[in-house]
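Structure data (PDB, C-alpha atoms and all ligand atoms) from start27.pdb:
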```
MODEL        1
ATOM      1  CA  MET A 250     -91.303  40.837 -67.770
ATOM      2  CA  GLN A 251     -94.173  39.627 -69.896
ATOM      3  CA  HIS A 252     -96.013  42.938 -69.949
ATOM      4  CA  ASP A 253     -92.796  44.584 -71.119
ATOM      5  CA  ASN A 254     -92.766  42.232 -74.096
ATOM      6  CA  ASP A 255     -96.428  42.967 -74.820
ATOM      7  CA  HIS A 256     -95.754  46.702 -74.956
ATOM      8  CA  LEU A 257     -92.602  46.158 -77.018
ATOM      9  CA  ARG A 258     -94.632  44.117 -79.508
ATOM     10  CA  ARG A 259     -97.110  47.005 -79.781
ATOM     11  CA  ALA A 260     -94.193  49.371 -80.458
ATOM     12  CA  ILE A 261     -92.909  46.972 -83.126
ATOM     13  CA  ALA A 262     -96.391  46.855 -84.703
ATOM     14  CA  LEU A 263     -96.420  50.664 -84.818
ATOM     15  CA  GLY A 264     -93.002  50.473 -86.471
ATOM     16  CA  GLU A 265     -94.461  48.122 -89.087
ATOM     17  CA  GLU A 266     -97.200  50.687 -89.745
ATOM     18  CA  ALA A 267     -94.598  53.413 -90.137
ATOM     19  CA  GLY A 268     -92.697  51.239 -92.594
ATOM     20  CA  ARG A 269     -95.812  50.604 -94.684
ATOM     21  CA  ARG A 270     -96.135  54.382 -95.038
ATOM     22  CA  GLY A 271     -92.588  54.611 -96.368
ATOM     23  CA  ASN A 272     -90.989  55.768 -93.135
ATOM     24  CA  ARG A 273     -88.163  54.004 -91.392
ATOM     25  CA  PRO A 274     -89.960  51.413 -89.254
ATOM     26  CA  PHE A 275     -89.919  52.778 -85.729
ATOM     27  CA  GLY A 276     -92.725  52.859 -83.180
ATOM     28  CA  ALA A 277     -92.989  53.886 -79.542
ATOM     29  CA  VAL A 278     -95.513  53.522 -76.730
ATOM     30  CA  ILE A 279     -95.682  55.458 -73.457
ATOM     31  CA  VAL A 280     -97.190  53.424 -70.628
ATOM     32  CA  ALA A 281     -98.128  54.769 -67.195
ATOM     33  CA  ALA A 282     -96.989  53.111 -63.987
ATOM     34  CA  ASP A 283    -100.419  51.479 -63.658
ATOM     35  CA  GLY A 284    -100.035  49.816 -67.065
ATOM     36  CA  THR A 285    -102.388  52.031 -69.049
ATOM     37  CA  THR A 286    -101.153  53.345 -72.390
ATOM     38  CA  ILE A 287    -100.714  57.119 -72.358
ATOM     39  CA  ALA A 288     -99.754  57.637 -75.993
ATOM     40  CA  GLU A 289     -98.319  56.010 -79.091
ATOM     41  CA  GLY A 290     -96.124  57.285 -81.886
ATOM     42  CA  ARG A 291     -94.813  56.229 -85.273
ATOM     43  CA  ASN A 292     -91.847  57.522 -87.202
ATOM     44  CA  GLU A 293     -93.262  60.014 -89.713
ATOM     45  CA  VAL A 294     -90.065  61.570 -91.087
ATOM     46  CA  ALA A 295     -90.502  60.514 -94.712
ATOM     47  CA  ALA A 296     -94.254  61.124 -94.811
ATOM     48  CA  SER A 297     -94.120  64.514 -93.100
ATOM     49  CA  GLY A 298     -90.749  65.840 -94.236
ATOM     50  CA  VAL A 299     -90.073  66.777 -90.611
ATOM     51  CA  VAL A 300     -86.606  65.465 -89.806
ATOM     52  CA  THR A 301     -87.275  65.238 -86.080
ATOM     53  CA  ALA A 302     -90.557  63.300 -86.444
ATOM     54  CA  HIS A 303     -89.150  60.228 -84.724
ATOM     55  CA  ALA A 304     -91.512  57.765 -83.046
ATOM     56  CA  GLU A 305     -90.544  58.700 -79.502
ATOM     57  CA  LEU A 306     -91.061  62.428 -80.118
ATOM     58  CA  ALA A 307     -94.351  61.681 -81.868
ATOM     59  CA  ALA A 308     -95.466  59.759 -78.776
ATOM     60  CA  LEU A 309     -94.433  62.618 -76.477
ATOM     61  CA  THR A 310     -96.334  65.055 -78.695
ATOM     62  CA  ALA A 311     -99.377  62.764 -78.673
ATOM     63  CA  ALA A 312     -99.207  62.571 -74.877
ATOM     64  CA  GLY A 313     -99.585  66.341 -74.791
ATOM     65  CA  PRO A 314     -98.129  69.012 -72.548
ATOM     66  CA  SER A 315    -100.294  68.194 -69.534
ATOM     67  CA  ALA A 316     -99.505  64.471 -69.407
ATOM     68  CA  ASP A 317     -97.992  63.262 -66.144
ATOM     69  CA  LEU A 318     -95.131  61.002 -67.204
ATOM     70  CA  THR A 319     -93.863  60.415 -63.669
ATOM     71  CA  GLY A 320     -93.274  56.703 -63.358
ATOM     72  CA  ALA A 321     -94.006  56.111 -67.033
ATOM     73  CA  THR A 322     -92.128  53.688 -69.251
ATOM     74  CA  VAL A 323     -91.365  54.357 -72.909
ATOM     75  CA  TYR A 324     -91.237  51.274 -75.112
ATOM     76  CA  ALA A 325     -89.418  51.748 -78.400
ATOM     77  CA  SER A 326     -89.163  49.303 -81.282
ATOM     78  CA  GLY A 327     -85.581  50.469 -81.853
ATOM     79  CA  GLU A 328     -82.977  51.948 -79.562
ATOM     80  CA  PRO A 329     -83.786  55.660 -79.136
ATOM     81  CA  CYS A 330     -81.334  58.032 -80.830
ATOM     82  CA  PRO A 331     -79.493  60.689 -78.786
ATOM     83  CA  MET A 332     -82.137  63.336 -79.638
ATOM     84  CA  CYS A 333     -85.004  61.152 -78.451
ATOM     85  CA  SER A 334     -83.066  59.817 -75.466
ATOM     86  CA  ALA A 335     -82.461  63.386 -74.294
ATOM     87  CA  ALA A 336     -86.112  64.289 -74.930
ATOM     88  CA  LEU A 337     -87.197  61.364 -72.748
ATOM     89  CA  VAL A 338     -84.894  62.668 -69.998
ATOM     90  CA  TRP A 339     -86.521  66.096 -70.321
ATOM     91  CA  ALA A 340     -89.944  64.442 -70.211
ATOM     92  CA  GLY A 341     -89.133  62.823 -66.878
ATOM     93  CA  VAL A 342     -90.028  59.231 -67.695
ATOM     94  CA  ALA A 343     -88.898  56.505 -65.299
ATOM     95  CA  ARG A 344     -87.843  53.764 -67.729
ATOM     96  CA  ILE A 345     -86.869  53.283 -71.350
ATOM     97  CA  VAL A 346     -87.198  49.780 -72.810
ATOM     98  CA  PHE A 347     -86.227  49.101 -76.405
ATOM     99  CA  ALA A 348     -86.329  46.109 -78.722
ATOM    100  CA  ALA A 349     -83.715  46.327 -81.506
ATOM    101  CA  ALA A 350     -80.247  47.703 -80.781
ATOM    102  CA  GLU A 351     -79.061  50.539 -83.033
ATOM    103  CA  ALA A 352     -76.106  48.519 -84.309
ATOM    104  CA  ASP A 353     -78.428  45.680 -85.316
ATOM    105  CA  PHE A 354     -81.086  47.708 -87.163
ATOM    106  CA  ALA A 355     -78.447  49.941 -88.772
ATOM    107  CA  ALA A 356     -76.757  46.806 -90.111
ATOM    108  CA  ILE A 357     -80.014  46.061 -91.956
ATOM    109  CA  ILE A 358     -81.394  49.416 -93.127
ATOM    110  CA  GLY A 359     -78.256  51.560 -93.003
ATOM    111  CA  GLY A 360     -78.835  55.264 -92.722
ATOM    112  CA  HIS A 361     -76.875  58.409 -92.160
ATOM    113  CA  PRO A 362     -75.971  60.058 -89.893
ATOM    114  CA  ARG A 363     -75.297  57.566 -87.138
ATOM    115  CA  PHE A 364     -74.204  58.322 -83.588
ATOM    116  CA  ALA A 365     -71.641  56.308 -81.632
ATOM    117  CA  LEU A 366     -73.666  57.145 -78.549
ATOM    118  CA  GLY A 367     -76.225  54.716 -77.207
ATOM    119  CA  CYS A 368     -79.438  55.475 -75.351
ATOM    120  CA  ALA A 369     -78.021  54.287 -72.023
ATOM    121  CA  GLU A 370     -74.967  56.528 -72.509
ATOM    122  CA  VAL A 371     -77.087  59.631 -73.158
ATOM    123  CA  VAL A 372     -79.346  58.924 -70.203
ATOM    124  CA  GLY A 373     -76.345  58.015 -68.040
ATOM    125  CA  ALA A 374     -74.743  61.361 -68.828
ATOM    126  CA  SER A 375     -77.719  63.128 -67.249
ATOM    127  CA  ASP A 376     -78.451  63.462 -63.551
ATOM    128  CA  ALA A 377     -81.842  61.798 -64.010
ATOM    129  CA  GLU A 378     -82.591  58.389 -62.540
ATOM    130  CA  ILE A 379     -83.921  56.547 -65.577
ATOM    131  CA  ALA A 380     -83.533  52.814 -66.122
ATOM    132  CA  VAL A 381     -82.650  51.773 -69.679
ATOM    133  CA  SER A 382     -83.228  48.190 -70.777
ATOM    134  CA  GLY A 383     -82.523  46.602 -74.139
ATOM    135  CA  PRO A 384     -82.130  45.094 -76.599
ATOM    136  CA  HIS A 385     -85.041  42.668 -76.277
ATOM    137  CA  LEU A 386     -86.914  40.118 -78.425
ATOM    138  CA  GLY A 387     -83.953  39.190 -80.631
ATOM    139  CA  GLU A 388     -84.832  38.419 -84.277
ATOM    140  CA  GLU A 389     -88.489  39.346 -83.707
ATOM    141  CA  ALA A 390     -87.410  42.961 -83.209
ATOM    142  CA  LEU A 391     -85.604  42.988 -86.552
ATOM    143  CA  VAL A 392     -88.522  41.778 -88.691
ATOM    144  CA  PRO A 393     -89.823  45.303 -89.526
ATOM    145  CA  PHE A 394     -86.356  46.370 -90.596
ATOM    146  CA  ARG A 395     -85.922  43.371 -92.903
ATOM    147  CA  ARG A 396     -89.380  44.057 -94.380
ATOM    148  CA  TYR A 397     -88.547  47.733 -94.833
ATOM    149  CA  LEU A 398     -85.344  46.785 -96.661
ATOM    150  CA  GLU A 399     -87.351  44.528 -98.985
ATOM    151  CA  THR A 400     -89.965  47.163 -99.814
ATOM    152  CA  VAL A 401     -88.089  50.462 -99.688
ATOM    153  CA  GLY A 402     -84.484  49.398-100.160
ATOM    154  CA  PRO A 403     -81.327  50.391 -98.330
ATOM    155  CA  ALA A 404     -80.632  53.967 -97.347
ATOM    156  CA  ALA A 405     -78.591  55.950 -99.811
TER     157      ALA A 405
HETATM  158 ZN    ZN A 501     -84.901  59.636 -82.337
ENDMDL
END
```
Before we go any further, please render this structure as structure tokens.
Amino acid sequence: MQHDNDHLRRAIALGEEAGRRGNRPFGAVIVAADGTTIAEGRNEVAASGVVTAHAELAALTAAGPSADLTGATVYASGEPCPMCSAALVWAGVARIVFAAAEADFAAIIGGHPRFALGCAEVVGASDAEIAVSGPHLGEEALVPFRRYLETVGPAA
């Protein structure tokens, strides 16, 4: 859907911003069922020193405790990790849509640890009814990761 791609491109732009600040280049957007943006988040792990400051958790935090996420969709520039996937289950969102697959961005920027457990597998292991869709946008989704590799270098 076109509006899905628009929101994914916003998440990718947030990932670019994260990368310019020296963080791994992930962004996330939470969009309500009516199409309005509830909150946005950028990966802030390197800048903050908080190891769990992933983009999706930053977006959930920005949404705040009183946000109604029923029917909401989370758009992520990269496939959500198991921690974030589980958090999105706890948050009660309706859909998760991501751009770059974990295997594809990890092939570019590396990183450790990695999980052999995809977003759809984590969500599928819950009793929640959440649709997971991705990867999307092909090479376009990998641009922030290639740029990050050029500026910051590969993970140790
Ligand atoms: Zn995560």
For ligand ZN 501 (chain A), collect every residue having any atom at a distance of at most 7 Å from a ligand atom (counting all atoms listed in the file); output as a ChimeraX atom specification. /A:303-305,329-333
Next, write the just-selected residues to a file, as a tab-separated table (two decimals), in the frame of the given file, keeping C-alpha atoms as the atom set.
```tsv
chain	number	residue	atom	x	y	z
A	303	HIS	CA	-89.15	60.23	-84.72
A	304	ALA	CA	-91.51	57.76	-83.05
A	305	GLU	CA	-90.54	58.70	-79.50
A	329	PRO	CA	-83.79	55.66	-79.14
A	330	CYS	CA	-81.33	58.03	-80.83
A	331	PRO	CA	-79.49	60.69	-78.79
A	332	MET	CA	-82.14	63.34	-79.64
A	333	CYS	CA	-85.00	61.15	-78.45
```
So which residues get picked by the PyMOL selection byres (((chain A and resi 365-370) around 10) and not hetatm) here, written as a ChimeraX atom specification? /A:328-335,345-347,350-352,363-364,371-375,379-383
Return the single residue from A:Thr310, A:Thr322, A:Thr400, A:Asn292 that is closest to A:Leu257, with distances computed using all atoms listed in the file. A:Thr322
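Considering only C-alpha atoms, the residue among A:Asp317, A:Leu263, A:Ala277, A:Arg270 positioned nearest to A:Val294 is A:Arg270.
Using all atoms listed in the file, the shortest contact distance between A:Asp253 and any of A:Leu391, A:Ala312, A:Ala348, A:Val342 is found at A:Ala348.
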Nearest candidate to A:Val392 (options A:Arg291, A:Gly271, A:Glu265, A:Thr301; using only C-alpha atoms): A:Glu265
What's around A:Ile358 at 9 Å? Count only C-alpha atoms, leave out sequence neighbours fewer than 3 positions away in its own chain, and write the answer as a ChimeraX atom specification. /A:273,354-355,394-395,397-398,402-404
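Put simply, atom CA of A:Val280 is 7.8 Å away from atom CA of A:Tyr324.
Between A:Thr286 and the candidates A:Ala260, A:Val338, A:Val299, A:Ala356, the tightest atom-to-atom separation, counting only C-alpha atoms, involves A:Ala260.
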Nearest candidate to A:Leu306 (options A:Ala349, A:Ala336, A:Val401, A:Ile261; using all atoms listed in the file): A:Ala336
Please compute the atom CA of A:Leu309-atom CA of A:Ala288 distance, one decimal, in Å. 7.3 Å
One-decimal distance in Å that lies between atom CA of A:Ala308 and atom CA of A:Gly387: 23.6 Å
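Residues in contact with A:Thr285 at up to 12 Å, not including ones fewer than 2 positions away on its chain and judged by all atoms listed in the file, are His252, His256, Val278, Ile279, Val280, Ala281, Ala282, Asp283, Ile287, Ala288, Glu289, Leu318, Gly320, Ala321, Thr322 and Val323 of chain A.
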